[in-house]
Structure formats: structure tokens, C-alpha cells
file model-v6.cif (mmCIF, C-alpha atoms)
data_my_file
#
loop_
_atom_site.label_atom_id
_atom_site.label_comp_id
_atom_site.auth_asym_id
_atom_site.auth_seq_id
_atom_site.Cartn_x
_atom_site.Cartn_y
_atom_site.Cartn_z
CA MET A 19 63.32 27.22 -57.66
CA ALA A 20 59.60 26.67 -58.14
CA PHE A 21 56.82 28.70 -56.55
CA THR A 22 53.10 28.17 -56.12
CA ASP A 23 50.47 29.11 -53.52
CA SER A 24 49.24 26.97 -50.64
CA ASP A 25 45.73 26.76 -52.11
CA CYS A 26 46.88 25.95 -55.64
CA LEU A 27 46.55 22.54 -57.31
CA PRO A 28 49.50 21.89 -59.65
CA GLN A 29 49.07 19.38 -62.43
CA PRO A 30 51.24 16.24 -61.99
CA ASP A 31 53.50 17.27 -64.89
CA TRP A 32 53.74 20.93 -63.81
CA LEU A 33 57.43 20.81 -62.88
CA THR A 34 58.34 18.60 -65.82
CA HIS A 35 57.00 21.13 -68.31
CA GLY A 36 58.26 24.14 -66.38
CA ILE A 37 61.82 22.86 -66.13
CA ALA A 38 61.76 21.77 -69.78
CA ALA A 39 60.78 25.32 -70.76
CA LEU A 40 63.64 26.77 -68.70
CA VAL A 41 66.09 24.51 -70.50
CA ALA A 42 64.65 24.67 -74.03
CA ASP A 43 64.29 28.47 -74.05
CA ASN A 44 67.51 29.02 -72.05
CA ALA A 45 65.33 31.25 -69.87
CA ASP A 46 66.02 32.65 -66.42
CA ARG A 47 62.38 32.48 -65.36
CA VAL A 48 59.25 30.67 -66.54
CA ALA A 49 55.71 31.79 -65.75
CA GLY A 50 53.23 28.96 -66.14
CA CYS A 51 49.53 28.82 -66.94
CA ILE A 52 47.12 29.44 -64.04
CA GLU A 53 43.64 28.01 -64.47
CA VAL A 54 40.92 29.56 -62.31
CA LEU A 55 38.86 26.82 -60.66
CA SER A 56 35.23 26.89 -59.56
CA ASP A 57 33.03 24.13 -58.12
CA ASN A 58 29.82 26.03 -58.91
CA LYS A 59 27.83 25.20 -62.02
CA LYS A 60 26.39 28.71 -61.75
CA MET A 61 29.28 30.97 -60.85
CA THR A 62 28.87 33.90 -58.48
CA PRO A 63 29.54 37.40 -59.85
CA THR A 64 32.97 37.41 -58.23
CA GLU A 65 33.80 34.02 -59.75
CA CYS A 66 32.70 35.32 -63.17
CA TYR A 67 35.12 38.22 -62.78
CA GLU A 68 37.93 35.95 -61.63
CA SER A 69 37.37 33.57 -64.54
CA LEU A 70 38.03 36.39 -67.03
CA PHE A 71 40.55 38.57 -65.21
CA ALA A 72 42.58 36.60 -62.66
CA PHE A 73 46.16 35.53 -63.29
CA ASP A 74 46.74 36.60 -66.90
CA GLN A 75 50.24 35.16 -67.07
CA PRO A 76 50.73 35.68 -70.84
CA GLN A 77 50.04 39.39 -70.30
CA ASN A 78 52.24 39.43 -67.21
CA VAL A 79 55.16 38.05 -69.21
CA THR A 80 54.86 40.81 -71.82
CA ARG A 81 55.53 43.20 -68.91
CA GLY A 82 58.49 41.17 -67.68
CA VAL A 83 56.79 39.76 -64.58
CA GLY A 84 54.99 36.67 -63.30
CA VAL A 85 53.08 35.82 -60.15
CA THR A 86 54.37 33.23 -57.71
CA ALA A 87 51.20 31.17 -57.97
CA ASN A 88 53.11 29.59 -60.87
CA LEU A 89 56.70 30.69 -61.33
CA LEU A 90 60.02 28.93 -61.84
CA ALA A 91 63.32 30.78 -61.50
CA ARG A 92 66.96 29.76 -61.61
CA ALA A 93 68.30 29.71 -58.05
CA ASN A 94 71.32 31.91 -58.85
CA LEU A 95 69.00 34.85 -59.60
CA PHE A 96 68.46 35.32 -55.88
CA ASP A 97 72.20 35.88 -55.44
CA THR A 98 72.11 38.90 -57.76
CA VAL A 99 68.51 40.13 -57.73
CA GLY A 100 68.11 39.58 -53.99
CA MET A 101 65.21 38.16 -52.04
CA PHE A 102 61.55 39.18 -51.98
CA ASN A 103 60.92 42.45 -50.17
CA GLU A 104 59.23 41.40 -46.94
CA ASP A 105 58.35 45.01 -46.08
CA LEU A 106 55.81 45.20 -48.90
CA LEU A 107 52.16 44.79 -47.99
CA SER A 108 51.36 43.24 -51.36
CA GLY A 109 52.90 42.53 -54.75
CA GLY A 110 56.27 41.25 -53.58
CA ASP A 111 56.40 38.77 -56.46
CA ILE A 112 55.77 41.49 -59.04
CA GLU A 113 58.35 43.80 -57.47
CA TRP A 114 60.97 41.04 -57.44
CA ASN A 115 60.31 40.18 -61.08
CA ARG A 116 60.60 43.82 -62.08
CA ARG A 117 64.03 43.92 -60.47
CA ALA A 118 65.02 40.75 -62.31
CA THR A 119 63.81 42.12 -65.65
CA ALA A 120 65.58 45.44 -65.07
CA MET A 121 68.81 43.47 -64.60
CA GLY A 122 68.32 41.76 -67.95
CA TYR A 123 67.05 38.37 -66.81
CA THR A 124 64.63 36.75 -69.25
CA ILE A 125 61.16 35.40 -68.59
CA ARG A 126 59.10 33.05 -70.77
CA TYR A 127 55.52 31.81 -70.66
CA CYS A 128 54.79 28.06 -70.66
CA GLN A 129 51.22 27.04 -71.44
CA GLN A 130 51.87 23.40 -70.54
CA ALA A 131 53.06 24.09 -66.96
CA VAL A 132 49.61 24.29 -65.39
CA VAL A 133 48.51 25.15 -61.86
CA GLY A 134 44.87 25.45 -60.76
CA HIS A 135 43.85 28.28 -58.45
CA PRO A 136 40.43 28.46 -56.72
CA ALA A 137 38.39 31.49 -57.70
CA ARG A 138 37.33 33.98 -55.06
CA ARG A 139 33.62 33.38 -54.54
CA THR A 140 32.31 36.36 -52.58
CA TRP A 141 32.53 40.12 -52.76
CA SER A 142 34.04 40.22 -49.27
CA GLU A 143 36.96 38.09 -50.52
CA MET A 144 37.41 40.40 -53.50
CA ALA A 145 37.16 43.53 -51.34
CA ARG A 146 39.88 42.14 -49.08
CA LYS A 147 42.15 41.72 -52.10
CA VAL A 148 41.41 45.26 -53.34
CA ARG A 149 42.21 46.72 -49.92
CA ARG A 150 45.47 44.77 -49.80
CA THR A 151 46.63 45.69 -53.31
CA THR A 152 45.61 49.34 -53.01
CA GLY A 153 47.50 49.66 -49.74
CA GLY A 154 50.47 47.91 -51.31
CA LYS A 155 50.59 50.31 -54.26
CA LEU A 156 50.40 53.31 -51.95
CA ALA A 157 53.19 51.89 -49.77
CA ILE A 158 55.46 51.40 -52.80
CA ASN A 159 54.63 54.79 -54.30
CA PRO A 160 53.36 57.52 -51.93
CA GLN A 161 52.63 59.60 -55.05
CA TYR A 162 50.17 56.97 -56.28
CA ARG A 163 46.99 58.79 -57.22
CA LEU A 164 43.40 57.94 -58.08
CA THR A 165 41.04 60.56 -59.46
CA ILE A 166 37.31 60.51 -58.87
CA PHE A 167 36.59 61.09 -62.57
CA ARG A 168 38.56 58.07 -63.77
CA SER A 169 37.42 55.92 -60.86
CA LEU A 170 33.70 56.51 -61.39
CA CYS A 171 33.77 56.18 -65.18
CA PRO A 172 32.83 52.76 -66.61
CA PRO A 173 35.86 50.43 -66.87
CA LEU A 174 36.59 50.74 -70.58
CA GLU A 175 39.76 48.62 -70.50
CA ALA A 176 37.85 45.90 -68.68
CA SER A 177 35.12 46.09 -71.32
CA ALA A 178 37.66 45.61 -74.09
CA HIS A 179 39.18 42.65 -72.24
CA ILE A 180 35.77 41.04 -71.77
CA ALA A 181 34.96 41.52 -75.45
CA ARG A 182 38.04 39.50 -76.38
CA GLN A 183 36.92 36.45 -74.36
CA ASP A 184 35.30 34.51 -77.19
CA GLY A 185 34.24 31.48 -75.15
CA ALA A 186 32.58 33.36 -72.29
CA PHE A 187 28.80 33.22 -71.80
CA LEU A 188 26.80 36.45 -71.85
CA ARG A 189 25.94 36.08 -68.14
CA THR A 190 29.62 35.68 -67.29
CA ARG A 191 30.53 38.77 -69.30
CA MET A 192 27.81 40.94 -67.76
CA LEU A 193 28.57 39.94 -64.18
CA ALA A 194 32.31 40.30 -64.73
CA PHE A 195 31.76 43.84 -66.02
CA TRP A 196 29.59 44.69 -63.00
CA VAL A 197 32.27 43.45 -60.59
CA ALA A 198 34.99 45.30 -62.52
CA TYR A 199 33.01 48.54 -62.14
CA ARG A 200 32.34 47.86 -58.46
CA ILE A 201 36.07 47.30 -57.89
CA LYS A 202 36.93 50.66 -59.48
CA VAL A 203 34.51 52.55 -57.26
CA PHE A 204 35.43 50.61 -54.11
CA ARG A 205 39.17 51.14 -54.73
CA TYR A 206 38.74 54.90 -55.05
CA PHE A 207 36.85 55.36 -51.78
CA TYR A 208 39.17 53.01 -49.91
CA PHE A 209 42.13 54.94 -51.34
CA ARG A 210 40.66 58.18 -50.00
CA LYS A 211 40.33 56.60 -46.55
CA LEU A 212 43.98 55.51 -46.64
CA LYS A 213 45.19 58.94 -47.74
CA SER A 214 43.19 60.67 -45.01
CA GLY A 215 44.46 58.31 -42.31
CA ARG A 216 40.99 56.99 -41.49
CA CYS A 217 42.23 53.42 -41.86
CA ALA A 218 45.53 51.54 -42.11
CA ALA A 219 46.75 49.47 -45.04
CA GLU A 220 46.27 45.73 -44.75
CA ARG A 221 48.91 43.07 -45.32
CA GLY A 222 48.10 40.09 -47.53
#
call {"tool": "encode", "arguments": {"input": "model-v6.cif", "output": "C-alpha cells"}}
result
Amino acid sequence: MAFTDSDCLPQPDWLTHGIAALVADNADRVAGCIEVLSDNKKMTPTECYESLFAFDQPQNVTRGVGVTANLLARANLFDTVGMFNEDLLSGGDIEWNRRATAMGYTIRYCQQAVVGHPARRTWSEMARKVRRTTGGKLAINPQYRLTIFRSLCPPLEASAHIARQDGAFLRTRMLAFWVAYRIKVFRYFYFRKLKSGRCAAERG
């Protein structure tokens, strides 16, 4: 079975390469490359962030997961792993892949199986995603915690990630860092609102 999102643009040979990787690696799942797309010559801050942080499938695979923007899986896995959890507000693809990995099913990354995904352009689009994912994490794990100290400190892991992006322009790096910091702060205060019952979690 092959998965992608409704707003994605698969390359014509996407399935050819993805299926070939399943067969050649004798894999149970294949996570393909997701290229972040932008029509703007001068990207917005949110697009700069997305270009450096969104859909890191190679990193996902090291954790035994893949997102359904670009994922192939053998159909028989759904007989044993089960279906996606429809009760989750967010992250159903990650949760399903974790179950599959826990049961010993393999996952491989295929650079040649490419799908394009439009970048989020505005902060409001990014904030909507943060609200959805934060609510989803809290729904999965009621013990999920965020501390004000860690949330208000500069995003050191994000800084290290940005530093590793050799081809990125200085403007892209600076704006991506600013959005990463803004996300940390926004997530903390939204988390506090969820915990206090001042708002309800949103479904993606």
C-alpha cells in the first residue's frame, strides 16, 4: 500500500522506485524522500523553517517511523499491526509505525522515491500545526510535560540542526531559527491552556 497527502505532488517514478526498494531491501516499509516546495523566490520566515525542518524522513527512519506523506507498506502488515488509530488527534502515522517497528517489521529510506510537499507559508498555518501536534501528544500521554525553563531557552537542538545545513543561505538560517524559537514559546503557553482547560485540543 502506498500513502501520500492530498496536497503532495509525487514524481512520476515515485511508485516505481518505492516498490523497487521494498523488493531489493526485502523491507516491510519504505519511507521516501519529501521535498519541501515553495513558489516564492524570497521565502517567508515560516517557509524558511519548513525548508530546513519539515519531513526529515532519513531521521524518521532511524527512529523506526515514517510519515504518510510518503510511505509504502506491505498490505499484510495491517492484518497484524492493525489500522491507524482514528481516535488520535494527530500523529496517527507515527503511532502506527511505532507499533510496526515494535513488532519487528523493518523500514528503509529511499532517496529516489520522491514526493513534493508545499511549505507552510504563514505563521497562522504553523501555529495551527503546533496546536494540533501539542494536543495530540497530550492525548496520547496525559503525563506529557513542558517546563517553562526549557520552553523559553533558545532552541539549541534546532541551532545544531541549522548549522548542519551546508547549502542554506544565511537569511534562511536566521529566519528558521527565529521561527523555531517562536514555536517553542508558543507551544508552552498553548500547552498551559490545554492543561488548565481553557481550550480544547484540535484535530488535524
call {"tool": "resolve_selection", "arguments": {"input": "model-v6.cif", "expression": "the PyMOL selection byres ((chain A and resi 51) around 10)", "output": "list in words"}}
result
Trp32, Gly36, Val48, Ala49, Gly50, Ile52, Glu53, Val54, Phe73, Asp74, Gln75, Pro76, Ala87, Asn88, Leu89, Tyr127, Cys128, Gln129, Gln130, Ala131, Val132, Val133 and Gly134 of chain A
call {"tool": "closest_atom_pairs", "arguments": {"input": "model-v6.cif", "of": "region 130-176 of chain A", "to": "region 104-114 of chain A", "cutoff": "10 Å", "atoms": "all atoms listed in the file", "output": "tab-separated table"}}
result
residue	atom	partner	partner_atom	distance
A:Lys147	CA	A:Ser108	CA	9.4
A:Arg149	CA	A:Ser108	CA	9.9
A:Arg150	CA	A:Ser108	CA	6.3
A:Thr151	CA	A:Ser108	CA	5.7
A:Thr152	CA	A:Ser108	CA	8.5
A:Gly153	CA	A:Leu107	CA	7.0
A:Gly154	CA	A:Ser108	CA	4.8
A:Lys155	CA	A:Ser108	CA	7.7
A:Leu156	CA	A:Leu107	CA	9.6
A:Ala157	CA	A:Leu106	CA	7.2
A:Ile158	CA	A:Leu106	CA	7.3
call {"tool": "resolve_selection", "arguments": {"input": "model-v6.cif", "expression": "the PyMOL selection byres ((chain A and resi 80) around 12)", "output": "PyMOL selection string"}}
result
chain A and resi 49+74-79+81-84+116+119+124-127
call {"tool": "closest_atom_pairs", "arguments": {"input": "model-v6.cif", "of": "region 115-191 of chain A", "to": "region 201-214 of chain A", "cutoff": "8 Å", "atoms": "only C-alpha atoms", "output": "tab-separated table"}}
result
residue	atom	partner	partner_atom	distance
A:Ala145	CA	A:Ile201	CA	7.6
A:Val148	CA	A:Arg205	CA	6.4
A:Arg149	CA	A:Tyr208	CA	7.0
A:Thr152	CA	A:Phe209	CA	6.8
A:Gly153	CA	A:Leu212	CA	7.5
A:Leu164	CA	A:Tyr206	CA	6.3
A:Thr165	CA	A:Tyr206	CA	7.5
A:Ile166	CA	A:Tyr206	CA	6.9
A:Ser169	CA	A:Lys202	CA	5.5
A:Leu170	CA	A:Val203	CA	5.8
A:Pro173	CA	A:Lys202	CA	7.5
call {"tool": "resolve_selection", "arguments": {"input": "model-v6.cif", "expression": "the PyMOL selection byres ((chain A and resi 25) around 8)", "output": "number ranges by chain"}}
result
A: 23-24, 26-27, 135-136
call {"tool": "residues_near_point", "arguments": {"input": "model-v6.cif", "point": "(26.3, 38.7, -65.2)", "cutoff": "10 Å", "atoms": "only C-alpha atoms", "output": "list in words"}}
result
Met61, Thr62, Pro63, Thr64, Cys66, Tyr67, Phe187, Leu188, Arg189, Thr190, Arg191, Met192, Leu193, Ala194, Phe195, Trp196 and Val197 of chain A
call {"tool": "atom_distance", "arguments": {"input": "model-v6.cif", "atom1": "CA of Ala20 (chain A)", "atom2": "CA of Leu90 (chain A)"}}
result
4.4 Å
call {"tool": "decode", "arguments": {"input": "model-v6.cif", "residues": "region 68-214 of chain A", "atoms": "C-alpha atoms", "output": "mmCIF file, in the first residue's frame"}}
result
data_model
loop_
_atom_site.group_PDB
_atom_site.id
_atom_site.type_symbol
_atom_site.label_atom_id
_atom_site.label_comp_id
_atom_site.auth_asym_id
_atom_site.auth_seq_id
_atom_site.Cartn_x
_atom_site.Cartn_y
_atom_site.Cartn_z
ATOM 1 C CA GLU A 68 9.895 24.349 6.760
ATOM 2 C CA SER A 69 12.704 24.124 4.212
ATOM 3 C CA LEU A 70 15.164 23.093 6.940
ATOM 4 C CA PHE A 71 12.980 21.161 9.380
ATOM 5 C CA ALA A 72 9.935 19.637 7.680
ATOM 6 C CA PHE A 73 9.711 15.946 6.825
ATOM 7 C CA ASP A 74 13.164 14.656 7.756
ATOM 8 C CA GLN A 75 12.484 11.124 6.556
ATOM 9 C CA PRO A 76 16.088 9.853 6.925
ATOM 10 C CA GLN A 77 15.941 10.848 10.600
ATOM 11 C CA ASN A 78 12.456 9.384 10.942
ATOM 12 C CA VAL A 79 13.691 6.023 9.672
ATOM 13 C CA THR A 80 16.465 5.906 12.280
ATOM 14 C CA ARG A 81 13.636 6.021 14.845
ATOM 15 C CA GLY A 82 11.669 3.301 13.080
ATOM 16 C CA VAL A 83 8.926 5.554 11.711
ATOM 17 C CA GLY A 84 7.882 7.407 8.571
ATOM 18 C CA VAL A 85 5.169 9.918 7.745
ATOM 19 C CA THR A 86 2.357 9.051 5.363
ATOM 20 C CA ALA A 87 3.170 11.966 3.084
ATOM 21 C CA ASN A 88 5.486 9.374 1.504
ATOM 22 C CA LEU A 89 5.223 5.843 2.822
ATOM 23 C CA LEU A 90 4.896 2.391 1.274
ATOM 24 C CA ALA A 91 3.968 -0.640 3.361
ATOM 25 C CA ARG A 92 3.217 -4.266 2.583
ATOM 26 C CA ALA A 93 -0.537 -4.798 2.803
ATOM 27 C CA ASN A 94 -0.275 -7.783 5.158
ATOM 28 C CA LEU A 95 1.138 -5.523 7.897
ATOM 29 C CA PHE A 96 -2.345 -4.156 8.501
ATOM 30 C CA ASP A 97 -3.547 -7.673 9.346
ATOM 31 C CA THR A 98 -1.077 -7.921 12.230
ATOM 32 C CA VAL A 99 -0.255 -4.336 13.215
ATOM 33 C CA GLY A 100 -3.848 -3.161 12.815
ATOM 34 C CA MET A 101 -5.207 0.020 11.292
ATOM 35 C CA PHE A 102 -4.411 3.647 12.061
ATOM 36 C CA ASN A 103 -5.837 4.847 15.361
ATOM 37 C CA GLU A 104 -8.689 7.140 14.356
ATOM 38 C CA ASP A 105 -9.105 8.395 17.931
ATOM 39 C CA LEU A 106 -5.799 10.260 17.816
ATOM 40 C CA LEU A 107 -5.924 13.993 17.200
ATOM 41 C CA SER A 108 -2.563 13.946 15.442
ATOM 42 C CA GLY A 109 0.363 11.659 14.674
ATOM 43 C CA GLY A 110 -1.584 8.564 13.687
ATOM 44 C CA ASP A 111 1.040 7.657 11.090
ATOM 45 C CA ILE A 112 3.863 7.861 13.626
ATOM 46 C CA GLU A 113 1.915 5.826 16.189
ATOM 47 C CA TRP A 114 1.146 3.120 13.620
ATOM 48 C CA ASN A 115 4.782 2.923 12.537
ATOM 49 C CA ARG A 116 5.926 2.616 16.135
ATOM 50 C CA ARG A 117 3.617 -0.358 16.555
ATOM 51 C CA ALA A 118 5.002 -1.908 13.373
ATOM 52 C CA THR A 119 8.600 -1.381 14.489
ATOM 53 C CA ALA A 120 7.858 -2.795 17.947
ATOM 54 C CA MET A 121 6.583 -5.949 16.235
ATOM 55 C CA GLY A 122 9.842 -6.305 14.330
ATOM 56 C CA TYR A 123 8.797 -5.005 10.919
ATOM 57 C CA THR A 124 11.597 -3.277 9.028
ATOM 58 C CA ILE A 125 11.620 0.168 7.470
ATOM 59 C CA ARG A 126 14.045 1.560 4.885
ATOM 60 C CA TYR A 127 14.638 5.004 3.407
ATOM 61 C CA CYS A 128 14.565 5.507 -0.374
ATOM 62 C CA GLN A 129 16.037 8.755 -1.674
ATOM 63 C CA GLN A 130 14.790 8.108 -5.213
ATOM 64 C CA ALA A 131 11.088 7.770 -4.278
ATOM 65 C CA VAL A 132 10.311 11.492 -4.237
ATOM 66 C CA VAL A 133 7.166 13.390 -3.288
ATOM 67 C CA GLY A 134 6.902 17.185 -3.186
ATOM 68 C CA HIS A 135 5.046 18.852 -0.322
ATOM 69 C CA PRO A 136 4.105 22.575 -0.298
ATOM 70 C CA ALA A 137 5.692 24.521 2.536
ATOM 71 C CA ARG A 138 3.502 26.266 5.073
ATOM 72 C CA ARG A 139 3.756 29.961 4.237
ATOM 73 C CA THR A 140 2.316 31.839 7.217
ATOM 74 C CA TRP A 141 2.683 31.800 10.966
ATOM 75 C CA SER A 142 -1.046 31.096 11.335
ATOM 76 C CA GLU A 143 -0.583 27.859 9.360
ATOM 77 C CA MET A 144 2.361 26.896 11.550
ATOM 78 C CA ALA A 145 0.505 27.794 14.754
ATOM 79 C CA ARG A 146 -2.375 25.558 13.664
ATOM 80 C CA LYS A 147 0.052 22.660 13.251
ATOM 81 C CA VAL A 148 1.643 23.311 16.669
ATOM 82 C CA ARG A 149 -1.769 23.363 18.343
ATOM 83 C CA ARG A 150 -2.710 20.104 16.637
ATOM 84 C CA THR A 151 0.509 18.258 17.460
ATOM 85 C CA THR A 152 0.665 19.524 21.041
ATOM 86 C CA GLY A 153 -2.911 18.417 21.651
ATOM 87 C CA GLY A 154 -2.128 15.084 20.029
ATOM 88 C CA LYS A 155 0.867 14.455 22.294
ATOM 89 C CA LEU A 156 -1.153 15.317 25.374
ATOM 90 C CA ALA A 157 -3.976 13.000 24.264
ATOM 91 C CA ILE A 158 -1.541 10.097 23.784
ATOM 92 C CA ASN A 159 0.309 10.762 27.031
ATOM 93 C CA PRO A 160 -1.559 12.675 29.778
ATOM 94 C CA GLN A 161 1.773 12.819 31.649
ATOM 95 C CA TYR A 162 3.340 14.797 28.801
ATOM 96 C CA ARG A 163 5.052 17.798 30.351
ATOM 97 C CA LEU A 164 6.618 21.048 29.211
ATOM 98 C CA THR A 165 8.636 23.192 31.603
ATOM 99 C CA ILE A 166 8.855 26.955 31.317
ATOM 100 C CA PHE A 167 12.658 26.873 31.674
ATOM 101 C CA ARG A 168 13.216 24.527 28.742
ATOM 102 C CA SER A 169 10.490 26.150 26.656
ATOM 103 C CA LEU A 170 11.847 29.687 26.963
ATOM 104 C CA CYS A 171 15.509 28.770 26.456
ATOM 105 C CA PRO A 172 16.894 29.183 22.919
ATOM 106 C CA PRO A 173 16.348 26.041 20.787
ATOM 107 C CA LEU A 174 19.820 24.529 20.971
ATOM 108 C CA GLU A 175 18.928 21.343 19.087
ATOM 109 C CA ALA A 176 17.404 23.450 16.324
ATOM 110 C CA SER A 177 20.573 25.540 16.199
ATOM 111 C CA ALA A 178 22.692 22.426 15.765
ATOM 112 C CA HIS A 179 20.382 21.181 13.010
ATOM 113 C CA ILE A 180 20.556 24.522 11.193
ATOM 114 C CA ALA A 181 24.347 24.532 11.441
ATOM 115 C CA ARG A 182 24.466 21.209 9.597
ATOM 116 C CA GLN A 183 22.552 22.574 6.573
ATOM 117 C CA ASP A 184 25.533 23.412 4.390
ATOM 118 C CA GLY A 185 23.595 24.721 1.398
ATOM 119 C CA ALA A 186 21.275 27.076 3.296
ATOM 120 C CA PHE A 187 21.611 30.855 2.926
ATOM 121 C CA LEU A 188 22.289 32.979 5.996
ATOM 122 C CA ARG A 189 18.841 34.612 5.753
ATOM 123 C CA THR A 190 17.190 31.190 5.649
ATOM 124 C CA ARG A 191 19.146 30.040 8.693
ATOM 125 C CA MET A 192 18.366 33.143 10.738
ATOM 126 C CA LEU A 193 14.653 33.131 9.968
ATOM 127 C CA ALA A 194 14.402 29.388 10.557
ATOM 128 C CA PHE A 195 15.997 29.849 13.984
ATOM 129 C CA TRP A 196 13.574 32.666 14.824
ATOM 130 C CA VAL A 197 10.564 30.517 13.891
ATOM 131 C CA ALA A 198 11.975 27.547 15.834
ATOM 132 C CA TYR A 199 12.238 29.750 18.941
ATOM 133 C CA ARG A 200 8.754 31.169 18.396
ATOM 134 C CA ILE A 201 7.356 27.634 18.123
ATOM 135 C CA LYS A 202 8.931 26.633 21.449
ATOM 136 C CA VAL A 203 7.402 29.588 23.275
ATOM 137 C CA PHE A 204 4.018 29.266 21.557
ATOM 138 C CA ARG A 205 3.849 25.525 22.309
ATOM 139 C CA TYR A 206 4.482 26.085 26.014
ATOM 140 C CA PHE A 207 1.733 28.673 26.500
ATOM 141 C CA TYR A 208 -0.739 26.686 24.407
ATOM 142 C CA PHE A 209 0.141 23.596 26.466
ATOM 143 C CA ARG A 210 -0.655 25.505 29.655
ATOM 144 C CA LYS A 211 -4.042 26.497 28.225
ATOM 145 C CA LEU A 212 -4.803 22.861 27.387
ATOM 146 C CA LYS A 213 -3.786 21.638 30.833
ATOM 147 C CA SER A 214 -5.903 24.281 32.552
#
